[in-house]
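model.txt follows (compact mmCIF, C-alpha atoms):
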```txt
# COMPACT_ATOMS: atom_id res chain seq x y z
CA MET C 1 68.76 68.07 193.10
CA SER C 2 66.00 65.69 192.17
CA SER C 3 66.37 61.96 192.62
CA THR C 4 66.13 61.42 188.83
CA ALA C 5 69.57 62.99 188.43
CA PHE C 6 71.09 60.16 190.46
CA ALA C 7 69.29 57.60 188.31
CA ARG C 8 70.58 59.10 185.01
CA PRO C 9 72.99 56.71 183.18
CA ALA C 10 76.69 57.64 183.30
CA SER C 11 76.85 57.72 179.48
CA ASP C 12 74.24 60.54 179.43
CA LEU C 13 76.23 62.52 181.98
CA ASP C 14 79.44 62.01 180.00
CA ALA C 15 77.74 63.29 176.85
CA ARG C 16 77.08 66.62 178.60
CA LEU C 17 80.75 67.11 179.46
CA PRO C 18 82.96 69.37 177.29
CA TRP C 19 84.92 67.55 174.58
CA TRP C 20 88.26 68.19 176.25
CA HIS C 21 86.99 66.60 179.46
CA ARG C 22 85.84 63.51 177.55
CA ALA C 23 89.15 63.38 175.68
CA SER C 24 90.98 63.57 179.00
CA ARG C 25 88.92 60.67 180.36
CA ALA C 26 89.59 58.64 177.23
CA LEU C 27 93.34 59.22 177.59
CA GLN C 28 93.21 58.27 181.26
CA ALA C 29 91.36 55.06 180.36
CA LEU C 30 94.00 54.38 177.71
CA GLY C 31 96.74 55.01 180.26
CA ARG C 32 95.36 52.33 182.57
CA ARG C 33 96.13 49.61 180.06
CA ARG C 34 99.22 48.54 178.15
CA LEU C 35 99.00 48.41 174.41
CA PRO C 36 100.41 45.32 172.68
CA ALA C 37 103.93 45.78 171.36
CA ARG C 38 102.89 45.46 167.72
CA TRP C 39 100.30 48.21 168.21
CA VAL C 40 102.86 50.61 169.67
CA LEU C 41 105.39 49.84 166.94
CA GLY C 42 102.66 50.19 164.31
CA LEU C 43 101.44 53.52 165.72
CA THR C 44 104.90 55.04 165.99
CA GLY C 45 105.85 53.72 162.54
CA ALA C 46 102.68 55.18 161.01
CA LEU C 47 103.36 58.51 162.75
CA ALA C 48 106.92 58.54 161.39
CA LEU C 49 105.67 57.87 157.84
CA LEU C 50 103.00 60.58 158.20
CA ALA C 51 105.61 63.08 159.44
CA LEU C 52 107.91 62.12 156.56
CA GLY C 53 105.12 62.72 154.05
CA ILE C 54 104.22 66.11 155.53
CA ALA C 55 107.86 67.22 155.75
CA SER C 56 108.46 66.13 152.14
CA THR C 57 105.80 68.41 150.69
CA GLN C 58 105.80 71.44 152.98
CA GLY C 59 108.32 74.26 153.13
CA ALA C 60 109.29 77.53 151.46
CA TYR C 61 108.87 75.64 148.13
CA ALA C 62 105.71 73.56 148.57
CA LEU C 63 105.30 70.38 146.55
CA SER C 64 101.97 68.81 145.74
CA THR C 65 101.43 65.09 146.28
CA ARG C 66 101.43 64.57 142.50
CA GLU C 67 104.79 66.38 142.13
CA LEU C 68 106.26 64.34 144.96
CA LEU C 69 105.12 61.07 143.34
CA GLN C 70 106.63 62.20 140.02
CA VAL C 71 109.94 62.96 141.74
CA VAL C 72 109.96 59.53 143.40
CA GLN C 73 109.02 57.82 140.12
CA SER C 74 111.78 59.58 138.18
CA ALA C 75 114.31 58.69 140.89
CA LEU C 76 113.29 55.01 140.80
CA THR C 77 113.06 54.63 137.04
CA GLY C 78 115.87 56.99 136.01
CA ALA C 79 113.46 58.96 133.81
CA GLU C 80 114.14 62.55 132.88
CA PRO C 81 112.94 64.74 135.82
CA ALA C 82 110.41 67.46 135.04
CA GLY C 83 110.32 70.87 136.69
CA SER C 84 112.33 72.48 139.47
CA GLY C 85 110.60 70.39 142.15
CA HIS C 86 112.98 67.52 141.43
CA LEU C 87 116.04 69.70 142.11
CA VAL C 88 114.55 71.18 145.28
CA PHE C 89 113.58 67.80 146.68
CA MET C 90 116.67 65.76 145.76
CA HIS C 91 119.36 68.34 146.59
CA ILE C 92 117.86 70.38 149.43
CA ARG C 93 114.89 68.72 151.11
CA LEU C 94 115.83 65.03 151.01
CA PRO C 95 119.20 65.39 152.81
CA ARG C 96 117.41 67.54 155.37
CA LEU C 97 114.78 64.82 155.89
CA VAL C 98 117.49 62.18 156.30
CA LEU C 99 119.36 64.33 158.82
CA GLY C 100 116.17 65.17 160.72
CA ALA C 101 115.01 61.55 160.94
CA ALA C 102 118.49 60.40 162.01
CA ALA C 103 118.75 63.19 164.59
CA GLY C 104 115.38 62.39 166.16
CA ALA C 105 116.03 58.66 166.21
CA GLY C 106 119.53 59.10 167.67
CA LEU C 107 118.47 61.48 170.43
CA ALA C 108 115.48 59.31 171.39
CA LEU C 109 117.59 56.14 171.43
CA ALA C 110 120.18 57.85 173.64
CA GLY C 111 117.44 59.06 176.01
CA ALA C 112 115.92 55.58 176.30
CA LEU C 113 119.35 54.07 176.98
CA MET C 114 120.20 56.66 179.64
CA GLN C 115 116.86 56.19 181.42
CA GLY C 116 117.24 52.41 181.37
CA LEU C 117 120.85 52.52 182.52
CA PHE C 118 120.29 54.97 185.37
CA ARG C 119 116.85 53.54 186.19
CA ASN C 120 115.78 57.14 186.40
CA PRO C 121 112.94 58.66 184.31
CA LEU C 122 114.64 62.06 184.41
CA ALA C 123 117.88 60.81 182.84
CA ASP C 124 118.64 62.50 179.54
CA PRO C 125 121.77 62.74 177.34
CA GLY C 126 122.08 66.35 178.43
CA LEU C 127 122.04 65.35 182.09
CA VAL C 128 125.34 63.45 181.90
CA GLY C 129 127.09 66.25 179.99
CA VAL C 130 127.20 64.65 176.55
CA SER C 131 125.39 67.49 174.77
CA SER C 132 127.15 70.14 176.86
CA GLY C 133 130.58 68.79 175.93
CA ALA C 134 129.79 68.98 172.23
CA ALA C 135 128.31 72.47 172.56
CA LEU C 136 131.30 73.80 174.53
CA ALA C 137 133.83 72.39 172.04
CA ALA C 138 131.90 73.88 169.11
CA ALA C 139 131.65 77.23 170.86
CA ALA C 140 135.40 77.27 171.57
CA ALA C 141 136.05 76.53 167.88
CA ILE C 142 133.72 79.33 166.77
CA VAL C 143 135.12 81.98 169.13
CA LEU C 144 138.79 80.96 169.59
CA GLY C 145 139.49 78.75 166.57
CA GLY C 146 140.39 81.69 164.35
CA LEU C 147 143.38 82.55 166.58
CA TRP C 148 145.22 79.35 165.54
CA TRP C 149 143.41 78.39 162.35
CA PRO C 150 142.22 81.50 160.47
CA SER C 151 140.70 79.45 157.67
CA LEU C 152 138.53 77.41 160.04
CA PRO C 153 135.00 77.53 158.62
CA ARG C 154 132.58 78.76 161.25
CA SER C 155 129.27 78.03 159.58
CA LEU C 156 126.87 75.51 161.10
CA GLY C 157 127.37 72.08 159.59
CA SER C 158 130.96 72.57 158.37
CA TRP C 159 133.18 69.49 158.64
CA PRO C 160 135.89 70.96 160.98
CA LEU C 161 133.20 72.18 163.36
CA ILE C 162 131.48 68.78 163.32
CA GLY C 163 134.75 66.99 164.07
CA ILE C 164 135.63 69.33 166.95
CA ALA C 165 132.17 69.03 168.52
CA PHE C 166 132.25 65.24 168.24
CA ALA C 167 135.72 65.13 169.84
CA GLY C 168 134.49 67.31 172.70
CA CYS C 169 131.54 64.99 173.25
CA LEU C 170 133.75 61.92 173.42
CA LEU C 171 136.28 63.59 175.76
CA VAL C 172 133.57 64.65 178.19
CA THR C 173 132.01 61.18 178.13
CA LEU C 174 135.38 59.57 178.82
CA ALA C 175 136.10 62.01 181.68
CA ILE C 176 132.72 61.38 183.32
CA TYR C 177 133.10 57.64 182.99
CA THR C 178 136.60 57.79 184.55
CA LEU C 179 135.31 59.88 187.47
CA ALA C 180 132.54 57.34 188.08
CA GLN C 181 134.93 54.42 188.46
CA SER C 182 135.35 52.82 191.87
CA PRO C 183 136.92 49.57 193.13
CA SER C 184 133.45 47.95 192.93
CA GLY C 185 132.86 49.10 189.36
CA THR C 186 131.05 52.01 187.69
CA ARG C 187 128.87 53.93 190.12
CA VAL C 188 125.81 55.37 188.41
CA GLY C 189 125.20 57.94 191.16
CA LEU C 190 128.72 59.33 190.77
CA MET C 191 128.20 59.49 187.02
CA LEU C 192 125.02 61.53 187.41
CA LEU C 193 126.70 63.95 189.83
CA ALA C 194 129.70 64.30 187.53
CA GLY C 195 127.32 65.01 184.64
CA VAL C 196 125.58 67.76 186.62
CA ALA C 197 128.98 69.32 187.44
CA VAL C 198 130.10 69.10 183.79
CA ASN C 199 126.86 70.75 182.69
CA ALA C 200 127.45 73.63 185.10
CA LEU C 201 131.07 73.97 183.95
CA ALA C 202 130.01 73.94 180.29
CA MET C 203 127.39 76.62 180.92
CA ALA C 204 130.06 78.78 182.59
CA GLY C 205 132.40 78.25 179.63
CA LEU C 206 129.65 79.11 177.15
CA GLY C 207 128.85 82.26 179.12
CA TYR C 208 132.50 83.35 179.04
CA LEU C 209 132.83 82.64 175.31
CA SER C 210 129.65 84.63 174.64
CA PHE C 211 131.12 87.53 176.64
CA VAL C 212 134.41 87.69 174.70
CA SER C 213 132.98 86.91 171.23
CA THR C 214 132.49 89.42 168.44
CA ASP C 215 129.07 90.15 167.00
CA GLU C 216 129.56 87.65 164.13
CA GLN C 217 130.90 84.96 166.48
CA LEU C 218 128.05 85.55 168.91
CA ARG C 219 125.50 85.11 166.10
CA ASN C 220 127.10 81.80 165.00
CA LEU C 221 127.29 80.66 168.61
CA GLN C 222 123.64 81.42 169.24
CA MET C 223 122.63 79.54 166.06
CA TRP C 224 124.59 76.51 167.24
CA LEU C 225 123.04 76.53 170.70
CA MET C 226 119.48 76.88 169.33
CA GLY C 227 119.86 73.94 166.93
CA SER C 228 119.01 73.78 163.23
CA LEU C 229 118.88 71.40 160.27
CA GLY C 230 119.78 74.25 157.92
CA GLY C 231 123.32 72.93 157.43
CA ALA C 232 122.08 69.60 156.01
CA ARG C 233 124.15 68.31 153.08
CA TRP C 234 124.37 64.79 151.73
CA GLY C 235 127.82 64.31 153.28
CA THR C 236 126.73 65.44 156.75
CA ALA C 237 123.42 63.56 156.63
CA SER C 238 125.14 60.34 155.51
CA VAL C 239 127.67 60.44 158.35
CA VAL C 240 125.01 61.11 161.00
CA ALA C 241 122.69 58.43 159.57
CA LEU C 242 125.53 55.90 159.58
CA ALA C 243 126.44 56.74 163.19
CA VAL C 244 122.79 56.42 164.30
CA CYS C 245 122.44 53.08 162.48
CA VAL C 246 125.52 51.74 164.32
CA ALA C 247 124.05 53.05 167.59
CA ALA C 248 120.73 51.35 166.80
CA VAL C 249 122.47 48.00 166.33
CA GLY C 250 124.22 48.42 169.69
CA ALA C 251 120.97 49.48 171.36
CA GLY C 252 119.23 46.39 170.00
CA TRP C 253 121.83 44.20 171.70
CA LEU C 254 121.32 46.12 174.98
CA ALA C 255 117.53 45.62 175.21
CA ARG C 256 117.58 42.37 177.20
CA PRO C 257 120.47 43.40 179.54
CA LEU C 258 118.67 46.67 180.33
CA ASN C 259 115.50 44.71 181.17
CA ALA C 260 117.55 42.67 183.61
CA LEU C 261 119.20 45.80 185.07
CA ALA C 262 115.73 47.16 185.88
CA LEU C 263 115.60 44.47 188.61
CA GLY C 264 118.82 45.78 190.17
CA GLU C 265 122.51 45.13 189.53
CA ALA C 266 122.73 42.20 191.95
CA GLN C 267 119.78 40.42 190.34
CA ALA C 268 121.16 41.16 186.87
CA ARG C 269 124.50 39.55 187.80
CA LEU C 270 122.65 36.51 189.11
CA LEU C 271 120.92 36.25 185.73
CA GLY C 272 124.32 36.22 184.02
CA VAL C 273 124.24 39.76 182.63
CA PRO C 274 127.73 41.38 182.20
CA VAL C 275 126.77 44.53 184.12
CA GLU C 276 129.99 46.53 183.65
CA TRP C 277 130.17 45.72 179.95
CA THR C 278 126.51 46.70 179.57
CA LYS C 279 127.14 50.07 181.22
CA ARG C 280 130.17 50.81 179.04
CA LEU C 281 128.39 49.83 175.85
CA ALA C 282 125.28 51.86 176.74
CA ILE C 283 127.35 54.96 177.47
CA GLY C 284 129.39 54.50 174.29
CA VAL C 285 126.30 54.02 172.13
CA ALA C 286 124.59 57.08 173.63
CA ALA C 287 127.74 59.19 173.17
CA LEU C 288 128.07 58.07 169.55
CA ALA C 289 124.46 58.96 168.72
CA VAL C 290 124.29 62.27 170.61
CA GLY C 291 127.78 63.35 169.57
CA ALA C 292 127.14 62.80 165.88
CA VAL C 293 123.73 64.49 166.01
CA THR C 294 124.79 67.47 168.13
CA ALA C 295 127.91 67.98 166.05
CA ALA C 296 125.83 68.30 162.87
CA THR C 297 122.70 70.08 164.12
CA GLY C 298 123.60 71.91 167.31
CA VAL C 299 121.71 71.44 170.57
CA ILE C 300 118.18 69.98 170.14
CA GLY C 301 116.55 69.43 173.50
CA PHE C 302 113.63 67.45 174.90
CA ILE C 303 113.49 64.73 172.22
CA GLY C 304 115.57 62.36 174.34
CA LEU C 305 113.20 62.90 177.26
CA VAL C 306 109.76 63.07 175.62
CA ALA C 307 109.97 60.22 173.10
CA PRO C 308 111.00 57.39 175.50
CA HIS C 309 108.45 58.54 178.08
CA GLY C 310 105.66 58.61 175.52
CA VAL C 311 106.44 55.05 174.43
CA ARG C 312 106.94 53.75 177.96
CA LEU C 313 103.60 55.13 179.11
CA LEU C 314 101.82 53.26 176.33
CA ALA C 315 103.84 50.05 176.10
CA GLY C 316 105.43 49.60 179.51
CA PRO C 317 109.11 49.30 180.39
CA ASP C 318 110.19 46.48 178.04
CA HIS C 319 113.24 47.85 176.21
CA ARG C 320 112.64 45.50 173.29
CA VAL C 321 109.69 47.78 172.48
CA VAL C 322 110.82 51.06 174.06
CA LEU C 323 114.07 51.36 172.05
CA PRO C 324 112.73 50.91 168.48
CA ALA C 325 109.44 52.71 169.14
CA SER C 326 111.30 55.64 170.76
CA ALA C 327 113.53 55.93 167.68
CA LEU C 328 110.46 56.07 165.41
CA LEU C 329 108.66 58.59 167.64
CA GLY C 330 111.80 60.75 167.97
CA ALA C 331 112.24 60.83 164.18
CA ALA C 332 108.58 61.83 163.76
CA LEU C 333 108.83 64.61 166.36
CA VAL C 334 111.94 66.17 164.82
CA LEU C 335 110.52 65.99 161.28
CA LEU C 336 107.26 67.63 162.38
CA ALA C 337 109.08 70.30 164.41
CA ASP C 338 111.39 71.07 161.48
CA THR C 339 108.36 71.36 159.17
CA VAL C 340 106.84 73.94 161.52
CA ALA C 341 110.22 75.72 161.75
CA ARG C 342 110.41 75.96 157.92
CA THR C 343 106.81 77.03 157.31
CA ALA C 344 105.68 79.15 160.27
CA VAL C 345 107.58 82.32 159.26
CA LYS C 346 108.75 81.41 155.73
CA PRO C 347 111.00 82.22 154.00
CA ALA C 348 112.81 82.63 157.36
CA GLU C 349 113.30 79.67 159.77
CA LEU C 350 112.61 79.32 163.46
CA PRO C 351 115.42 77.74 165.56
CA LEU C 352 114.66 74.01 165.80
CA GLY C 353 115.98 73.58 169.35
CA VAL C 354 113.78 76.41 170.61
CA LEU C 355 110.77 74.89 168.84
CA THR C 356 111.29 71.37 170.23
CA ALA C 357 111.55 72.80 173.74
CA ALA C 358 108.48 75.03 173.25
CA LEU C 359 106.40 72.13 171.88
CA GLY C 360 107.94 69.35 173.94
CA ALA C 361 107.64 70.92 177.40
CA PRO C 362 103.82 71.43 177.31
CA LEU C 363 103.35 67.98 175.75
CA PHE C 364 105.50 66.45 178.47
CA LEU C 365 103.54 68.25 181.21
CA PHE C 366 100.26 67.06 179.65
CA MET C 367 101.52 63.48 179.57
CA LEU C 368 102.60 63.73 183.21
CA ARG C 369 99.15 64.96 184.20
CA GLN C 370 97.34 62.22 182.30
CA PHE C 371 99.60 59.34 183.32
CA LYS C 372 101.05 60.57 186.62
CA GLY C 373 100.03 57.39 188.38
CA ARG C 374 102.38 55.37 186.17
CA VAL C 375 105.47 57.61 186.23
```

Give the structure from this file in structure tokens form.
Amino acid sequence: MSSTAFARPASDLDARLPWWHRASRALQALGRRRLPARWVLGLTGALALLALGIASTQGAYALSTRELLQVVQSALTGAEPAGSGHLVFMHIRLPRLVLGAAAGAGLALAGALMQGLFRNPLADPGLVGVSSGAALAAAAAIVLGGLWWPSLPRSLGSWPLIGIAFAGCLLVTLAIYTLAQSPSGTRVGLMLLAGVAVNALAMAGLGYLSFVSTDEQLRNLQMWLMGSLGGARWGTASVVALAVCVAAVGAGWLARPLNALALGEAQARLLGVPVEWTKRLAIGVAALAVGAVTAATGVIGFIGLVAPHGVRLLAGPDHRVVLPASALLGAALVLLADTVARTAVKPAELPLGVLTAALGAPLFLFMLRQFKGRV
């Protein structure tokens, strides 16, 4: 190699690199600095609005931007709606958008709370058995409910099924919390181990129910476990949105106590933080959000893990930023994934839970590779 190669400016050498290599370097440079809180909130908010706009127009019945604006204008002014686009948007697509945004925000909020509470980046609502409890209760209702209640509706999104899944979620959360109690208070390590055991027990129960189910029951059970927004109705979407809003208020109160808990329980007590009350409230808020979402949509994985990590890598560990930005990012991810699920093989739909896992896992691995020094 000639000596002139060593004298060549670094910018010239960078220009010869493939675009993906330069993009990787740019991301690594971005990862070495923290973005201001307002930037992160602005970026995630803009992404959520963009996802909402895309999800509003795309689907088996595509709407143009002009048609969408006409629908919004007629809804605001009370003018006579024109065309079938108004009916499609107001009665089918809009409740689905509300349910999708609430589901993503609720799962991401629960993930951020669990990771802050356990001070563990791998903590996820599924890890402590919350999602498994709801799934097992719903599966028992689908397969065994007809023995005692023949008129029990078994379709995804039906009210009895939602209530049973939510009750199962709360019972499992209460059982895990009771097992984690000790004379010195709630032990987070015991709670994690109890969650792992509950997950294993729920998987065994789901396997047994799949074995004894009929073909129709097995199809409904598989649809529940793969997750979907197909059962969205205004009643279901309103209940889930209300539950997530209540959870968001509770999470907002927990931001400062979770920042103190990041220093350790002893230091948090010295700062005057009610540690036990913070743990109980965080678990209750996460159970409320995940239980309501899982009861209405089935199991949707990876949102509670990917969204908080994405925000934390950009903004740092401050929960005053992580919690709201995670909710916005989670809503955007679910809306975009549901848009792909509705349009990739239309008029059929891909299972949403399978899609979030298929898209979320590679994205998560890419983020780990780019920002591994900060995880």

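Put simply, CA of Leu258 (chain C) is 15.8 Å away from CA of Ala108 (chain C).
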
> Of the residues C:Val321, C:Ala55, C:Met226, C:Ala296, which is the one nearest to Ala358 (chain C), using all atoms listed in the file?
Replying inline: C:Met226

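Here the question is which of C:Ser182, C:Asn120, C:Ser64, C:Gln73 gets nearest to Leu261 (chain C) using all atoms listed in the file, and that residue is C:Asn120.
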
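The interatomic distance for the pair CA of Pro160 (chain C) and CA of Ala331 (chain C) works out to 25.9 Å.
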
> At a cut-off of 10 Å from (111.2, 78.0, 149.9) in the coordinates of the file, what residues are picked up using only C-alpha atoms, written as number ranges by chain?
Replying inline: C: 58-62, 88, 342-343, 346-348

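Among C:Ala344, C:Ala337, C:Ala248, C:Leu170, the residue with the shortest atom-to-atom distance to Leu359 (chain C), counting only C-alpha atoms, is C:Ala337.
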
> So which residues touch Gly207 (chain C) within 12 Å, counting only C-alpha atoms, skipping near sequence neighbours fewer than 2 positions away, as a ChimeraX atom specification?
Replying inline: /C:135-136,139-140,143,200-205,209-213,218,221-222,225

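What separates CA of Phe166 (chain C) from CA of Leu323 (chain C) is a distance of 23.2 Å.
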
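Distance annotation: of C:Val172, C:Leu144, C:Leu288, C:Leu314, the residue with the minimal separation from Ala194 (chain C) is C:Val172; atom set is only C-alpha atoms.
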
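If you measure from each of C:Ala292, C:Ala325, C:Leu192, C:Val246 to Leu99 (chain C) using all atoms listed in the file, the closest one turns out to be C:Ala292.
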
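The smallest atom-to-atom distance between Gly111 (chain C) and any of C:Gly133, C:Gly231, C:Gly53, C:Gly301, using only C-alpha atoms, is found for C:Gly301.
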
Size and centre in Å, one decimal, axis-aligned box, all listed region 345-361 of chain C atoms plus 6 Å per side, as AutoDock Vina command-line options:
```
--center_x 111.2 --center_y 76.0 --center_z 165.7 --size_x 21.6 --size_y 25.3 --size_z 35.4
```

>> Env of Leu333 (chain C): 12 Å cut, atoms = only C-alpha atoms, seq-sep filter 3 positions within chain, self excluded. Answer as a PyMOL selection string.
In response: chain C and resi 44-45+47-52+54-55+100-105+107-108+300-308+310+326-330+336-340+352-353+355-357+359-360+363
